[in-house]
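Asker: Provided below: final24.csv, containing CSV, C-alpha atoms.
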```
chain,number,residue,atom,x,y,z
V,1,MET,CA,12.0,35.2,0.7
V,2,LYS,CA,14.1,32.7,-1.3
V,3,TYR,CA,12.9,31.3,-4.6
V,4,PRO,CA,9.7,33.4,-5.0
V,5,GLU,CA,8.7,31.3,-8.1
V,6,LEU,CA,8.0,28.4,-5.7
V,7,PHE,CA,5.5,30.4,-3.7
V,8,GLN,CA,3.0,31.5,-6.4
V,9,PRO,CA,-0.4,29.9,-6.4
V,10,LEU,CA,-1.2,27.4,-9.2
V,11,LYS,CA,-4.5,26.0,-10.5
V,12,LEU,CA,-4.5,22.2,-10.7
V,13,GLY,CA,-7.8,21.4,-12.3
V,14,ALA,CA,-10.5,21.7,-9.7
V,15,ILE,CA,-8.3,23.0,-7.0
V,16,THR,CA,-5.9,26.0,-6.6
V,17,ILE,CA,-2.8,25.3,-4.5
V,18,PRO,CA,-0.9,28.0,-2.6
V,19,ASN,CA,2.6,27.1,-3.6
V,20,ARG,CA,4.5,25.0,-6.2
V,21,ILE,CA,6.1,22.6,-3.6
V,22,LEU,CA,4.4,19.3,-3.8
V,23,MET,CA,4.9,16.2,-1.6
V,24,ALA,CA,5.6,13.2,-3.8
V,25,PRO,CA,3.9,9.9,-3.0
V,26,LEU,CA,6.1,8.0,-0.5
V,27,THR,CA,5.4,4.4,0.6
V,28,ARG,CA,5.9,4.2,4.4
V,29,CYS,CA,4.2,1.0,5.4
V,30,ARG,CA,2.4,2.2,8.5
V,31,ALA,CA,-1.0,0.8,7.7
V,32,GLY,CA,-0.5,-2.7,9.3
V,33,LEU,CA,-1.4,-6.1,7.9
V,34,GLU,CA,-5.0,-5.1,7.4
V,35,HIS,CA,-4.0,-2.2,5.1
V,36,ILE,CA,-6.2,0.2,7.0
V,37,PRO,CA,-5.1,3.9,7.4
V,38,ASN,CA,-4.9,5.0,11.0
V,39,GLU,CA,-4.4,7.9,13.4
V,40,LEU,CA,-0.6,7.8,13.1
V,41,MET,CA,-0.9,8.3,9.3
V,42,ALA,CA,-3.3,11.1,9.9
V,43,THR,CA,-0.7,12.8,12.1
V,44,TYR,CA,2.1,12.2,9.5
V,45,TYR,CA,0.2,13.7,6.6
V,46,SER,CA,-1.3,16.6,8.6
V,47,GLN,CA,2.3,17.6,9.7
V,48,ARG,CA,3.0,18.1,6.0
V,49,SER,CA,-0.2,20.1,5.2
V,50,SER,CA,1.7,23.2,4.1
V,51,ALA,CA,2.7,21.5,0.9
V,52,GLY,CA,0.9,22.9,-2.2
V,53,LEU,CA,-0.4,19.4,-2.7
V,54,ILE,CA,0.2,16.1,-0.9
V,55,VAL,CA,0.1,13.0,-3.0
V,56,ALA,CA,-0.5,10.2,-0.6
V,57,GLU,CA,1.3,7.0,-1.0
V,58,ALA,CA,0.7,4.1,-3.4
V,59,THR,CA,-2.6,2.6,-2.3
V,60,MET,CA,-4.0,-0.9,-3.2
V,61,ILE,CA,-7.1,-0.9,-5.4
V,62,GLU,CA,-7.9,-4.5,-4.6
V,63,GLU,CA,-7.5,-7.1,-1.9
V,64,ASN,CA,-4.5,-9.5,-2.1
V,65,ASN,CA,-2.5,-7.0,-4.1
V,66,SER,CA,0.2,-6.1,-1.6
V,67,ALA,CA,3.8,-5.4,-2.7
V,68,PHE,CA,5.0,-3.9,0.6
V,69,ILE,CA,3.3,-5.9,3.4
V,70,ALA,CA,1.8,-3.0,5.3
V,71,GLU,CA,0.8,-0.4,2.7
V,72,PRO,CA,-2.8,1.1,2.7
V,73,GLY,CA,-5.8,0.1,0.6
V,74,ILE,CA,-8.9,1.9,-0.7
V,75,TYR,CA,-11.1,-1.1,-1.5
V,76,SER,CA,-13.1,-1.5,1.8
V,77,LYS,CA,-15.3,0.6,4.0
V,78,GLU,CA,-12.9,0.4,6.8
V,79,GLN,CA,-10.1,1.8,4.6
V,80,ILE,CA,-12.3,4.6,3.3
V,81,ASN,CA,-13.1,5.5,6.9
V,82,GLY,CA,-9.4,5.4,7.9
V,83,TRP,CA,-8.5,7.6,5.0
V,84,ARG,CA,-11.2,10.0,6.0
V,85,MET,CA,-9.3,10.6,9.3
V,86,VAL,CA,-6.3,11.6,7.1
V,87,THR,CA,-8.1,13.9,4.7
V,88,ASP,CA,-10.0,15.6,7.5
V,89,ALA,CA,-6.7,16.2,9.4
V,90,VAL,CA,-5.0,17.7,6.3
V,91,HIS,CA,-8.0,19.8,5.3
V,92,LYS,CA,-8.4,21.1,8.8
V,93,LYS,CA,-4.9,22.6,8.4
V,94,GLY,CA,-5.8,24.1,5.0
V,95,GLY,CA,-4.0,21.5,2.9
V,96,HIS,CA,-4.9,19.7,-0.3
V,97,ILE,CA,-4.4,15.9,-0.8
V,98,PHE,CA,-4.7,13.5,-3.7
V,99,LEU,CA,-4.6,9.7,-3.4
V,100,GLN,CA,-2.3,7.6,-5.6
V,101,ILE,CA,-4.3,4.6,-6.8
V,102,TRP,CA,-2.1,1.6,-7.6
V,103,HIS,CA,-2.0,-2.0,-8.7
V,104,GLY,CA,1.3,-3.7,-8.1
V,105,GLY,CA,1.0,-6.4,-10.8
V,106,ARG,CA,4.1,-8.6,-10.9
V,107,ALA,CA,5.7,-6.7,-8.0
V,108,CYS,CA,3.3,-8.4,-5.6
V,109,HIS,CA,4.1,-11.8,-4.1
V,110,PRO,CA,1.9,-14.7,-3.0
V,111,GLU,CA,3.4,-14.9,0.5
V,112,MET,CA,2.0,-11.4,1.2
V,113,ASN,CA,-1.4,-12.1,-0.4
V,114,ASN,CA,-2.8,-15.3,1.1
V,115,GLY,CA,-1.3,-17.4,-1.7
V,116,HIS,CA,-2.9,-15.4,-4.5
V,117,HIS,CA,-0.7,-15.4,-7.6
V,118,THR,CA,0.7,-12.3,-9.2
V,119,VAL,CA,-0.5,-11.0,-12.6
V,120,ALA,CA,1.2,-8.9,-15.3
V,121,PRO,CA,0.9,-8.1,-19.1
V,122,SER,CA,3.4,-10.9,-19.7
V,123,ALA,CA,4.7,-13.9,-17.8
V,124,ILE,CA,8.1,-12.3,-17.0
V,125,ALA,CA,9.3,-12.1,-13.4
V,126,ILE,CA,11.1,-9.2,-11.8
V,127,GLU,CA,14.8,-10.0,-11.2
V,128,GLY,CA,16.0,-10.5,-7.6
V,129,GLU,CA,14.2,-10.8,-4.3
V,130,VAL,CA,11.4,-9.1,-2.4
V,131,HIS,CA,10.7,-8.7,1.4
V,132,THR,CA,7.8,-10.9,2.4
V,133,LEU,CA,6.3,-11.9,5.8
V,134,ASN,CA,8.7,-14.9,5.7
V,135,GLY,CA,11.8,-13.0,4.8
V,136,LYS,CA,13.3,-12.3,1.4
V,137,LYS,CA,12.0,-14.5,-1.4
V,138,PRO,CA,12.6,-14.5,-5.2
V,139,HIS,CA,10.0,-12.7,-7.2
V,140,VAL,CA,7.6,-15.2,-8.8
V,141,GLN,CA,6.8,-15.5,-12.5
V,142,PRO,CA,3.4,-13.7,-12.9
V,143,ARG,CA,0.4,-15.1,-14.8
V,144,GLU,CA,-0.3,-13.2,-18.0
V,145,ILE,CA,-3.6,-11.3,-17.8
V,146,SER,CA,-6.0,-12.3,-20.6
V,147,ASP,CA,-7.6,-9.6,-22.8
V,148,SER,CA,-11.0,-10.6,-21.5
V,149,GLU,CA,-9.8,-9.8,-17.9
V,150,ILE,CA,-8.6,-6.3,-18.6
V,151,PRO,CA,-12.0,-4.6,-18.2
V,152,ARG,CA,-12.1,-5.9,-14.6
V,153,TYR,CA,-8.7,-4.2,-13.8
V,154,VAL,CA,-9.9,-1.0,-15.5
V,155,GLY,CA,-12.9,-1.1,-13.2
V,156,LEU,CA,-10.8,-1.5,-10.1
V,157,TYR,CA,-9.1,1.9,-10.8
V,158,LYS,CA,-12.5,3.5,-11.4
V,159,GLN,CA,-13.9,2.2,-8.1
V,160,ALA,CA,-10.8,3.2,-6.2
V,161,ALA,CA,-11.2,6.8,-7.5
V,162,LEU,CA,-14.8,6.8,-6.4
V,163,ASN,CA,-13.8,5.4,-3.0
V,164,ALA,CA,-11.0,8.1,-2.7
V,165,ARG,CA,-13.5,10.9,-3.3
V,166,GLU,CA,-15.8,9.3,-0.6
V,167,ALA,CA,-12.8,9.3,1.7
V,168,GLY,CA,-12.5,13.0,1.2
V,169,PHE,CA,-9.5,13.2,-1.2
V,170,ASP,CA,-9.4,16.2,-3.5
V,171,GLY,CA,-8.6,13.9,-6.3
V,172,VAL,CA,-6.5,10.9,-7.4
V,173,GLU,CA,-3.1,10.3,-9.0
V,174,VAL,CA,-3.1,7.3,-11.3
V,175,HIS,CA,0.1,5.4,-10.7
V,176,GLY,CA,1.7,4.7,-14.1
V,177,ALA,CA,5.3,4.6,-12.9
V,178,ASN,CA,8.0,2.5,-11.2
V,179,GLY,CA,7.3,-0.9,-12.7
V,180,TYR,CA,3.8,-1.5,-11.4
V,181,LEU,CA,0.8,-2.7,-13.5
V,182,ILE,CA,0.2,0.2,-15.8
V,183,ASP,CA,4.0,0.8,-16.3
V,184,GLN,CA,4.3,-3.0,-17.0
V,185,PHE,CA,1.9,-2.6,-19.9
V,186,LEU,CA,3.6,0.6,-21.2
V,187,ARG,CA,7.2,-0.6,-21.5
V,188,ASP,CA,8.4,-3.2,-24.0
V,189,GLY,CA,10.8,-4.8,-21.5
V,190,SER,CA,7.9,-6.1,-19.5
V,191,ASN,CA,5.1,-6.3,-22.2
V,192,LYS,CA,5.8,-9.0,-24.8
V,193,ARG,CA,2.1,-9.9,-25.4
V,194,LYS,CA,0.4,-10.1,-28.7
V,195,GLY,CA,-3.0,-8.6,-29.6
V,196,PRO,CA,-4.5,-5.2,-28.8
V,197,TYR,CA,-2.5,-4.6,-25.6
V,198,GLY,CA,0.9,-5.5,-26.9
V,199,GLY,CA,3.4,-4.7,-29.6
V,200,ASP,CA,3.6,-1.0,-30.7
V,201,ILE,CA,3.4,2.0,-28.4
V,202,PRO,CA,-0.3,2.7,-29.0
V,203,ASN,CA,-1.2,-0.8,-28.1
V,204,ARG,CA,1.0,-0.9,-25.0
V,205,ALA,CA,-0.6,2.4,-23.9
V,206,ARG,CA,-4.1,1.1,-24.5
V,207,PHE,CA,-4.6,-0.1,-20.9
V,208,LEU,CA,-3.4,3.2,-19.4
V,209,PHE,CA,-5.9,5.2,-21.6
V,210,GLU,CA,-8.8,2.9,-20.8
V,211,VAL,CA,-8.0,3.4,-17.1
V,212,LEU,CA,-7.9,7.2,-17.6
V,213,ASN,CA,-11.2,7.1,-19.6
V,214,GLU,CA,-13.0,5.4,-16.7
V,215,VAL,CA,-11.4,7.3,-13.9
V,216,THR,CA,-12.0,10.8,-15.5
V,217,ARG,CA,-15.6,9.9,-16.3
V,218,ALA,CA,-16.1,8.8,-12.7
V,219,ILE,CA,-14.7,11.8,-10.8
V,220,GLY,CA,-13.9,14.4,-13.5
V,221,ALA,CA,-10.6,14.9,-15.3
V,222,ASP,CA,-10.0,18.1,-13.3
V,223,ARG,CA,-9.5,15.8,-10.2
V,224,VAL,CA,-7.1,13.3,-11.9
V,225,GLY,CA,-3.3,13.4,-12.2
V,226,LEU,CA,-1.0,10.8,-13.7
V,227,ARG,CA,2.5,9.8,-12.7
V,228,LEU,CA,4.9,8.3,-15.3
V,229,SER,CA,8.6,7.2,-15.1
V,230,PRO,CA,9.8,6.3,-18.7
V,231,LEU,CA,13.4,5.9,-17.6
V,232,ASN,CA,13.2,4.3,-14.1
V,233,SER,CA,14.7,0.8,-14.1
V,234,TYR,CA,13.2,0.0,-10.6
V,235,ASN,CA,11.5,-3.4,-10.6
V,236,SER,CA,13.5,-4.6,-13.6
V,237,MET,CA,11.9,-2.1,-15.9
V,238,LYS,CA,13.3,-0.9,-19.3
V,239,ASP,CA,12.1,0.3,-22.7
V,240,SER,CA,13.9,0.2,-26.0
V,241,ASP,CA,12.9,3.8,-26.8
V,242,PRO,CA,11.8,5.8,-23.8
V,243,VAL,CA,11.8,9.1,-25.7
V,244,ALA,CA,9.4,7.8,-28.3
V,245,LEU,CA,7.2,6.4,-25.6
V,246,THR,CA,7.2,9.8,-23.7
V,247,LYS,CA,6.4,11.7,-26.9
V,248,TYR,CA,3.4,9.5,-27.7
V,249,LEU,CA,2.0,9.5,-24.1
V,250,ALA,CA,2.5,13.3,-23.6
V,251,SER,CA,0.8,14.1,-26.9
V,252,GLU,CA,-2.2,11.7,-26.3
V,253,LEU,CA,-2.6,13.1,-22.8
V,254,ASN,CA,-3.5,16.5,-24.2
V,255,LYS,CA,-7.0,15.0,-25.0
V,256,TYR,CA,-7.7,14.5,-21.3
V,257,ASN,CA,-7.4,17.9,-19.7
V,258,LEU,CA,-6.0,16.3,-16.5
V,259,ALA,CA,-5.2,18.2,-13.4
V,260,TYR,CA,-1.6,17.5,-14.0
V,261,LEU,CA,1.1,15.2,-15.4
V,262,HIS,CA,3.7,14.2,-12.8
V,263,MET,CA,6.9,13.1,-14.6
V,264,MET,CA,9.8,11.3,-13.0
V,265,ARG,CA,12.7,12.5,-15.0
V,266,SER,CA,15.5,10.0,-14.3
V,267,ASP,CA,16.4,6.5,-13.1
V,268,PHE,CA,16.9,5.5,-9.5
V,269,PHE,CA,20.0,3.6,-10.5
V,270,GLY,CA,21.4,5.9,-13.2
V,271,LEU,CA,21.3,3.1,-15.9
V,272,GLN,CA,19.8,5.3,-18.6
V,273,SER,CA,19.4,9.0,-19.3
V,274,ALA,CA,17.3,11.0,-21.7
V,275,PRO,CA,15.7,14.5,-21.9
V,276,ILE,CA,12.4,13.3,-20.5
V,277,ILE,CA,11.2,16.6,-19.1
V,278,GLU,CA,12.1,18.6,-22.2
V,279,THR,CA,10.5,15.9,-24.4
V,280,THR,CA,7.3,16.0,-22.4
V,281,ARG,CA,7.2,19.8,-22.4
V,282,LYS,CA,7.4,20.0,-26.2
V,283,ALA,CA,4.5,17.6,-26.6
V,284,TYR,CA,2.3,18.3,-23.5
V,285,ASN,CA,0.2,21.4,-23.1
V,286,GLY,CA,-1.1,20.9,-19.6
V,287,ILE,CA,0.3,21.3,-16.1
V,288,LEU,CA,3.7,19.5,-15.8
V,289,ILE,CA,5.2,18.6,-12.5
V,290,GLY,CA,8.8,17.6,-12.3
V,291,ASN,CA,10.2,15.0,-9.9
V,292,MET,CA,13.5,13.4,-8.9
V,293,GLY,CA,16.6,15.2,-7.7
V,294,TYR,CA,15.5,18.8,-7.9
V,295,THR,CA,17.0,21.3,-5.6
V,296,PRO,CA,14.9,24.3,-4.6
V,297,GLU,CA,17.2,26.5,-6.8
V,298,GLU,CA,16.7,24.2,-9.9
V,299,ALA,CA,13.0,24.0,-9.2
V,300,ALA,CA,12.6,27.7,-9.1
V,301,SER,CA,14.7,28.1,-12.3
V,302,SER,CA,12.7,25.5,-14.2
V,303,ILE,CA,9.4,27.1,-13.1
V,304,LYS,CA,10.6,30.5,-14.1
V,305,ALA,CA,11.6,29.2,-17.5
V,306,GLU,CA,8.1,27.6,-17.8
V,307,VAL,CA,9.6,24.2,-18.4
V,308,ILE,CA,7.5,22.9,-15.5
V,309,GLN,CA,4.8,24.4,-13.3
V,310,ALA,CA,5.7,22.7,-10.0
V,311,VAL,CA,8.1,20.2,-8.4
V,312,ALA,CA,7.3,17.2,-6.2
V,313,PHE,CA,9.9,16.6,-3.5
V,314,GLY,CA,10.3,13.1,-2.2
V,315,HIS,CA,12.9,12.1,0.4
V,316,HIS,CA,13.2,15.5,1.9
V,317,TYR,CA,9.5,15.4,2.8
V,318,VAL,CA,10.2,12.3,4.9
V,319,SER,CA,12.4,14.3,7.3
V,320,ASN,CA,11.2,17.9,6.9
V,321,PRO,CA,7.5,18.1,7.6
V,322,ASN,CA,7.7,21.9,7.3
V,323,LEU,CA,9.7,21.7,4.0
V,324,VAL,CA,7.8,24.7,2.5
V,325,GLU,CA,8.7,26.9,5.4
V,326,LYS,CA,12.4,25.8,5.4
V,327,ILE,CA,12.8,26.4,1.7
V,328,LYS,CA,11.2,29.9,2.1
V,329,SER,CA,13.6,30.8,4.9
V,330,GLY,CA,16.7,29.1,3.6
V,331,GLU,CA,16.9,26.9,6.7
V,332,PRO,CA,19.1,23.8,6.2
V,333,LEU,CA,17.2,20.6,5.5
V,334,VAL,CA,17.4,17.5,7.6
V,335,GLU,CA,18.4,14.3,5.9
V,336,PRO,CA,16.1,11.2,6.5
V,337,ASP,CA,17.1,8.1,8.3
V,338,GLN,CA,16.6,5.5,5.6
V,339,SER,CA,16.5,2.6,8.0
V,340,THR,CA,13.1,3.8,9.2
V,341,TYR,CA,11.5,4.2,5.8
V,342,TYR,CA,9.4,1.0,6.1
V,343,THR,CA,9.5,0.2,9.8
V,344,PRO,CA,6.4,0.4,12.0
V,345,GLY,CA,5.8,3.2,14.6
V,346,GLU,CA,6.5,6.8,15.1
V,347,LYS,CA,10.3,6.7,14.8
V,348,GLY,CA,11.5,8.2,11.6
V,349,TYR,CA,7.9,8.9,10.7
V,350,THR,CA,6.2,11.6,12.9
V,351,ASP,CA,9.1,12.6,15.1
V,352,TYR,CA,10.9,14.9,12.7
V,353,VAL,CA,10.7,18.7,13.2
```
Translate this file's structure into structure tokens.
Answerer:
Amino acid sequence: MKYPELFQPLKLGAITIPNRILMAPLTRCRAGLEHIPNELMATYYSQRSSAGLIVAEATMIEENNSAFIAEPGIYSKEQINGWRMVTDAVHKKGGHIFLQIWHGGRACHPEMNNGHHTVAPSAIAIEGEVHTLNGKKPHVQPREISDSEIPRYVGLYKQAALNAREAGFDGVEVHGANGYLIDQFLRDGSNKRKGPYGGDIPNRARFLFEVLNEVTRAIGADRVGLRLSPLNSYNSMKDSDPVALTKYLASELNKYNLAYLHMMRSDFFGLQSAPIIETTRKAYNGILIGNMGYTPEEAASSIKAEVIQAVAFGHHYVSNPNLVEKIKSGEPLVEPDQSTYYTPGEKGYTDYV
């Protein structure tokens, strides 16, 4: 067996996973315009059930909050029932699956959301364009969320977590990464507000911790993970001191006893670099999952050195449903067809072997 460190069981809060190879959340846009999970999605996730843990894709916590046109939701009974098909299929094969609960904030667009305007911590638009139902359109300037509205958004995450458990998920991952609503509050490039939710790092992190307070109370901290990306510039994101932000968040998260912290260590576009994993490890006492650009060899080495406890693989899980088995045997990995990442149907989705 290659890389034996990857094939040791690991306790993640309320569950114990059989290996350290996790499937990262991957938006694939197969839920249709009604945002309802379906049998095709059940097939896709069940094909990948040998992962230690599947983290299902970013999932809308309220209506009219679409950033990808055909991503799934978890705010209606029909969606809960659709996701139940997925979780049943994964569990039938002995797998474990969390749902990533997500609000797009300023990454959404009115043309995908029945004209509903976007919201964000500050009225700052993402640079560039977004794909909409009517072709590419410039991102719109969002409306700044008022302090009095914030409890409503916190409540949406709580209800999404409860709905996820009703749908059969083993837990949830709170999406605090990649320039969506929570990340927009965390980083000073997108959060210019005054008052209790803006300014210094503790204030900018207040929204995240209010969300975690409610979600952990609702379903138990041992069924909650969190994903962060202090360096990623996707969606026009930046922070003046990502290391200081990472230190603060990692230290404060020790109070929560989460199932895990899922840390994206780099930037999609290579604009900024910093020792994010090392900084997190020094400050955080819980289960740390590394993500972005790991090879199996580096993953095994980092686990052996106790820098991280597991690795979440992304793009190779698109095209290698049996990634665990391939890594174990040393079989070459198939590279994904990126042109099918967000297209409808089976091609590039369930037809890999």
Asker: Taking 4 positions as the minimum chain separation for residues in the same chain, which residues sit within 9 Å of Gly32 in chain V when counting all atoms listed in the file? Answer as a list in words.
Answerer: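 Selected residues are Ile36, Pro37, Ile69, Ala70, Glu71, Pro72 and Pro344 of chain V.
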Asker: At what distance in Å, to one decimal, does CA of Ile126 in chain V lie from CA of Asp267 in chain V?
Answerer: 16.6 Å
Asker: Would you work out the distance separating CA of Thr343 in chain V from CA of Glu129 in chain V, expressed in Å to one decimal?
Answerer: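 The value is 18.5 Å.
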Asker: Ranking V:Ala310, V:Val318, V:Ala123, V:Ala164 by minimum distance to Tyr44 in chain V and counting all atoms listed in the file, which one comes first?
Answerer: V:Val318
Asker: Measuring atom to atom with all atoms listed in the file, identify which of V:Gly52, V:Ile97, V:Asn257, V:Val215 is nearest to Asn322 in chain V.
Answerer: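 Nearest candidate to Asn322 in chain V out of V:Gly52, V:Ile97, V:Asn257, V:Val215: V:Gly52.
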Asker: Determine, counting only C-alpha atoms, every residue of protein, DNA or RNA that lies within 9 Å of (0.9, 16.3, 6.3) in the file coordinates, then give the result as a compact mmCIF listing (two decimals) with C-alpha atoms, in the coordinates of the input.
Answerer:
```txt
# COMPACT_ATOMS: atom_id res chain seq x y z
CA MET V 23 4.90 16.20 -1.60
CA MET V 41 -0.90 8.30 9.30
CA ALA V 42 -3.30 11.10 9.90
CA THR V 43 -0.70 12.80 12.10
CA TYR V 44 2.10 12.20 9.50
CA TYR V 45 0.20 13.70 6.60
CA SER V 46 -1.30 16.60 8.60
CA GLN V 47 2.30 17.60 9.70
CA ARG V 48 3.00 18.10 6.00
CA SER V 49 -0.20 20.10 5.20
CA SER V 50 1.70 23.20 4.10
CA ALA V 51 2.70 21.50 0.90
CA ILE V 54 0.20 16.10 -0.90
CA VAL V 86 -6.30 11.60 7.10
CA ALA V 89 -6.70 16.20 9.40
CA VAL V 90 -5.00 17.70 6.30
CA LYS V 93 -4.90 22.60 8.40
CA GLY V 95 -4.00 21.50 2.90
CA ILE V 97 -4.40 15.90 -0.80
CA PRO V 321 7.50 18.10 7.60
CA ASN V 322 7.70 21.90 7.30
```
Asker: Output, as lines of an AutoDock Vina configuration file, the centre and edge lengths in Å (one decimal) of the axis-aligned box that contains all listed atoms of range 130-139 of chain V with 8 Å of margin on each side.
Answerer:
```
center_x = 9.8
center_y = -11.8
center_z = -0.7
size_x = 23.0
size_y = 22.2
size_z = 29.0
```
Asker: Kindly give the distance, in Å, that separates CA of Ala56 in chain V and CA of Val174 in chain V, rounded to a single decimal.
Answerer: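 Taking CA of Ala56 in chain V and CA of Val174 in chain V, their separation equals 11.4 Å.
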Asker: Just want the 10 Å neighbourhood of Pro25 in chain V, counted on all atoms listed in the file, with same-chain residues fewer than 2 positions away dropped. Output as a short mmCIF file (atom, residue, chain, number, x, y, z; two decimals) with C-alpha atoms, keeping the file's coordinate frame.
Answerer:
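The new file out-v4.cif reads:
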```cif
data_model
loop_
_atom_site.label_atom_id
_atom_site.label_comp_id
_atom_site.auth_asym_id
_atom_site.auth_seq_id
_atom_site.Cartn_x
_atom_site.Cartn_y
_atom_site.Cartn_z
CA LEU V 22 4.40 19.30 -3.80
CA MET V 23 4.90 16.20 -1.60
CA THR V 27 5.40 4.40 0.60
CA ARG V 28 5.90 4.20 4.40
CA ILE V 54 0.20 16.10 -0.90
CA VAL V 55 0.10 13.00 -3.00
CA ALA V 56 -0.50 10.20 -0.60
CA GLU V 57 1.30 7.00 -1.00
CA ALA V 58 0.70 4.10 -3.40
CA THR V 59 -2.60 2.60 -2.30
CA PHE V 98 -4.70 13.50 -3.70
CA LEU V 99 -4.60 9.70 -3.40
CA GLN V 100 -2.30 7.60 -5.60
CA GLU V 173 -3.10 10.30 -9.00
CA HIS V 175 0.10 5.40 -10.70
CA ARG V 227 2.50 9.80 -12.70
CA ALA V 312 7.30 17.20 -6.20
CA PHE V 313 9.90 16.60 -3.50
CA GLY V 314 10.30 13.10 -2.20
CA HIS V 315 12.90 12.10 0.40
CA TYR V 317 9.50 15.40 2.80
#
```
Asker: Between V:Ile80, V:Ala259, V:Leu245, V:Ala125, which residue has the minimum interatomic distance to Val172 in chain V, considering all atoms listed in the file?
Answerer: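 Of all the options, V:Ala259 lies closest to Val172 in chain V.
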Asker: Mind checking which residues fall within 7 Å of Thr87 in chain V, counting all atoms listed in the file, ignoring those fewer than 3 positions away in the same chain, and posting them as a list in words?
Answerer: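 Surrounding residues, per the criterion: Trp83, Arg84, Val90, His91, Ile97, Gly168 and Phe169 of chain V.
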Asker: Using the incomplete input, complete range 271-276 of chain V to the level of all heavy atoms; output as a PDB file, in the frame of the given file.
Answerer:
```pdb
ATOM      1  N   LEU V 271      20.990   4.026 -14.805  1.00  0.00           N
ATOM      2  CA  LEU V 271      21.300   3.100 -15.900  1.00  0.00           C
ATOM      3  C   LEU V 271      21.055   3.747 -17.275  1.00  0.00           C
ATOM      4  O   LEU V 271      21.612   3.307 -18.281  1.00  0.00           O
ATOM      5  CB  LEU V 271      20.586   1.806 -15.771  1.00  0.00           C
ATOM      6  CG  LEU V 271      20.849   1.013 -14.494  1.00  0.00           C
ATOM      7  CD1 LEU V 271      20.029  -0.263 -14.489  1.00  0.00           C
ATOM      8  CD2 LEU V 271      22.338   0.696 -14.346  1.00  0.00           C
ATOM      9  N   GLN V 272      20.177   4.735 -17.316  1.00  0.00           N
ATOM     10  CA  GLN V 272      19.800   5.300 -18.600  1.00  0.00           C
ATOM     11  C   GLN V 272      19.456   6.782 -18.379  1.00  0.00           C
ATOM     12  O   GLN V 272      18.969   7.182 -17.314  1.00  0.00           O
ATOM     13  CB  GLN V 272      18.494   4.570 -19.082  1.00  0.00           C
ATOM     14  CG  GLN V 272      18.214   4.706 -20.550  1.00  0.00           C
ATOM     15  CD  GLN V 272      17.072   3.789 -20.985  1.00  0.00           C
ATOM     16  OE1 GLN V 272      16.290   3.302 -20.161  1.00  0.00           O
ATOM     17  NE2 GLN V 272      16.959   3.542 -22.265  1.00  0.00           N
ATOM     18  N   SER V 273      19.726   7.592 -19.368  1.00  0.00           N
ATOM     19  CA  SER V 273      19.400   9.000 -19.300  1.00  0.00           C
ATOM     20  C   SER V 273      18.824   9.476 -20.612  1.00  0.00           C
ATOM     21  O   SER V 273      19.166   8.943 -21.669  1.00  0.00           O
ATOM     22  CB  SER V 273      20.619   9.844 -18.892  1.00  0.00           C
ATOM     23  OG  SER V 273      21.604   9.757 -19.899  1.00  0.00           O
ATOM     24  N   ALA V 274      17.941  10.458 -20.545  1.00  0.00           N
ATOM     25  CA  ALA V 274      17.300  11.000 -21.700  1.00  0.00           C
ATOM     26  C   ALA V 274      16.612  12.312 -21.292  1.00  0.00           C
ATOM     27  O   ALA V 274      16.270  12.465 -20.114  1.00  0.00           O
ATOM     28  CB  ALA V 274      16.327  10.064 -22.375  1.00  0.00           C
ATOM     29  N   PRO V 275      16.385  13.250 -22.210  1.00  0.00           N
ATOM     30  CA  PRO V 275      15.700  14.500 -21.900  1.00  0.00           C
ATOM     31  C   PRO V 275      14.220  14.377 -21.693  1.00  0.00           C
ATOM     32  O   PRO V 275      13.431  14.899 -22.482  1.00  0.00           O
ATOM     33  CB  PRO V 275      16.103  15.425 -23.030  1.00  0.00           C
ATOM     34  CG  PRO V 275      16.202  14.491 -24.192  1.00  0.00           C
ATOM     35  CD  PRO V 275      16.786  13.218 -23.636  1.00  0.00           C
ATOM     36  N   ILE V 276      13.816  13.677 -20.650  1.00  0.00           N
ATOM     37  CA  ILE V 276      12.400  13.300 -20.500  1.00  0.00           C
ATOM     38  C   ILE V 276      11.534  14.553 -20.230  1.00  0.00           C
ATOM     39  O   ILE V 276      10.460  14.702 -20.837  1.00  0.00           O
ATOM     40  CB  ILE V 276      12.254  12.295 -19.339  1.00  0.00           C
ATOM     41  CG1 ILE V 276      12.863  10.956 -19.757  1.00  0.00           C
ATOM     42  CG2 ILE V 276      10.786  12.139 -18.947  1.00  0.00           C
ATOM     43  CD1 ILE V 276      12.250  10.317 -20.977  1.00  0.00           C
TER      44      ILE V 276
END
```
